[in-house]
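Before any comments, here is the structure.
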Amino acid sequence: MITVHHLETSRSQRILWLLEELGVPYELKIYQRDKATRLAPAALKKVHPLGKSPVITDSGEVIAESGAIIEYLVETYGSAASGDLAQLQPLPGTPAHRQCRFWMHYAEGSLMNWLVMKLVFMNIPT
């Protein structure tokens with residue numbers, strides 16, 4: 001069974017959303033941030049050395065980084081899943097597949113930087 005190592009206020013929410021949409025069962029392990037530093041607890045570093053989230057474990061594998069996790073879940077469980085989006089991934093090698101990958105990596109590599117900066121600057125006390 002998949003275990004999602006979920007750090008509060010992290011990007012792992014999108015992994016939970018995908019698993020729900022695919023109808024894939026999973027176990028949720030929740031980690032709380034340090035109230036003073038906002039860093040992940042040491043327990044999360046036992047799962048992955050960077051102590052980052054999202055991280056999943058599945059059949060002895062540890063997979064980190066939301067883009068890599070999404071690709072893994074869709075490739076591994078997408079075609080057999082029972083949810084509404086079970087056939088989420090377009091056929092590999094097609095223009096639709098390349099477009100799908102573009103938008104996923106755009107969200108991670110280009111768009112997310114701006115969204116995080118906005119979040120940080122909106123939370124700076126004035």
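Following the order of the structure tokens, first chain is A, next is B, and so on, with residues numbered from 1 inside each chain and ligands from 1 in the order they appear.
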
For Ala40 in chain A: contacts at 10 Å, only C-alpha atoms, fewer than 6 positions along chain excluded, given as a list of chain:residue names: A:Leu7, A:Glu8, A:Ser10, A:Tyr31, A:Gln32, A:Arg33, A:Asp34, A:Leu50, A:Gly51, A:Lys52, A:Ser53

Residue list (helix (DSSP H, G or I), DSSP) for range 35-120 of chain A, as a PyMOL selection string: chain A and resi 42-45+66-77+95-120

Closest atom pairs, residues of range 77-126 of chain A within 7 Å of range 57-70 of chain A, only C-alpha atoms, as a tab-separated table:
```
residue	atom	partner	partner_atom	distance
A:Met104	CA	A:Gly67	CA	7.0
A:His105	CA	A:Gly67	CA	6.9
A:Glu108	CA	A:Gly67	CA	6.9
```

Saved selection, atoms kept: all heavy atoms, as a tab-separated table (two decimals), in the first residue's frame:
```tsv
chain	number	residue	atom	x	y	z
A	104	MET	N	2.58	19.91	-16.60
A	104	MET	CA	2.95	19.43	-15.27
A	104	MET	C	4.30	20.02	-14.86
A	104	MET	O	4.47	20.52	-13.75
A	104	MET	CB	3.01	17.92	-15.21
A	104	MET	CG	3.33	17.43	-13.80
A	104	MET	SD	3.29	15.66	-13.64
A	104	MET	CE	4.54	15.18	-14.77
A	105	HIS	N	5.26	19.99	-15.76
A	105	HIS	CA	6.59	20.50	-15.42
A	105	HIS	C	6.62	22.03	-15.40
A	105	HIS	O	7.39	22.62	-14.65
A	105	HIS	CB	7.65	19.92	-16.36
A	105	HIS	CG	7.84	18.46	-16.12
A	105	HIS	ND1	8.48	17.98	-15.00
A	105	HIS	CD2	7.46	17.37	-16.82
A	105	HIS	CE1	8.50	16.66	-15.03
A	105	HIS	NE2	7.88	16.28	-16.12
A	108	GLU	N	5.55	23.01	-11.96
A	108	GLU	CA	6.60	22.76	-10.97
A	108	GLU	C	7.81	23.68	-11.15
A	108	GLU	O	8.36	24.19	-10.18
A	108	GLU	CB	7.09	21.30	-11.06
A	108	GLU	CG	6.08	20.31	-10.63
A	108	GLU	CD	5.68	20.48	-9.18
A	108	GLU	OE1	6.55	20.65	-8.32
A	108	GLU	OE2	4.47	20.46	-8.92
```

Minimum-distance residue to Trp17 in chain A, chosen among A:Cys100, A:Ala80, A:Val4, A:Met122 (using only C-alpha atoms):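 Of A:Cys100, A:Ala80, A:Val4, A:Met122, the one nearest Trp17 in chain A, counting only C-alpha atoms, is A:Val4.
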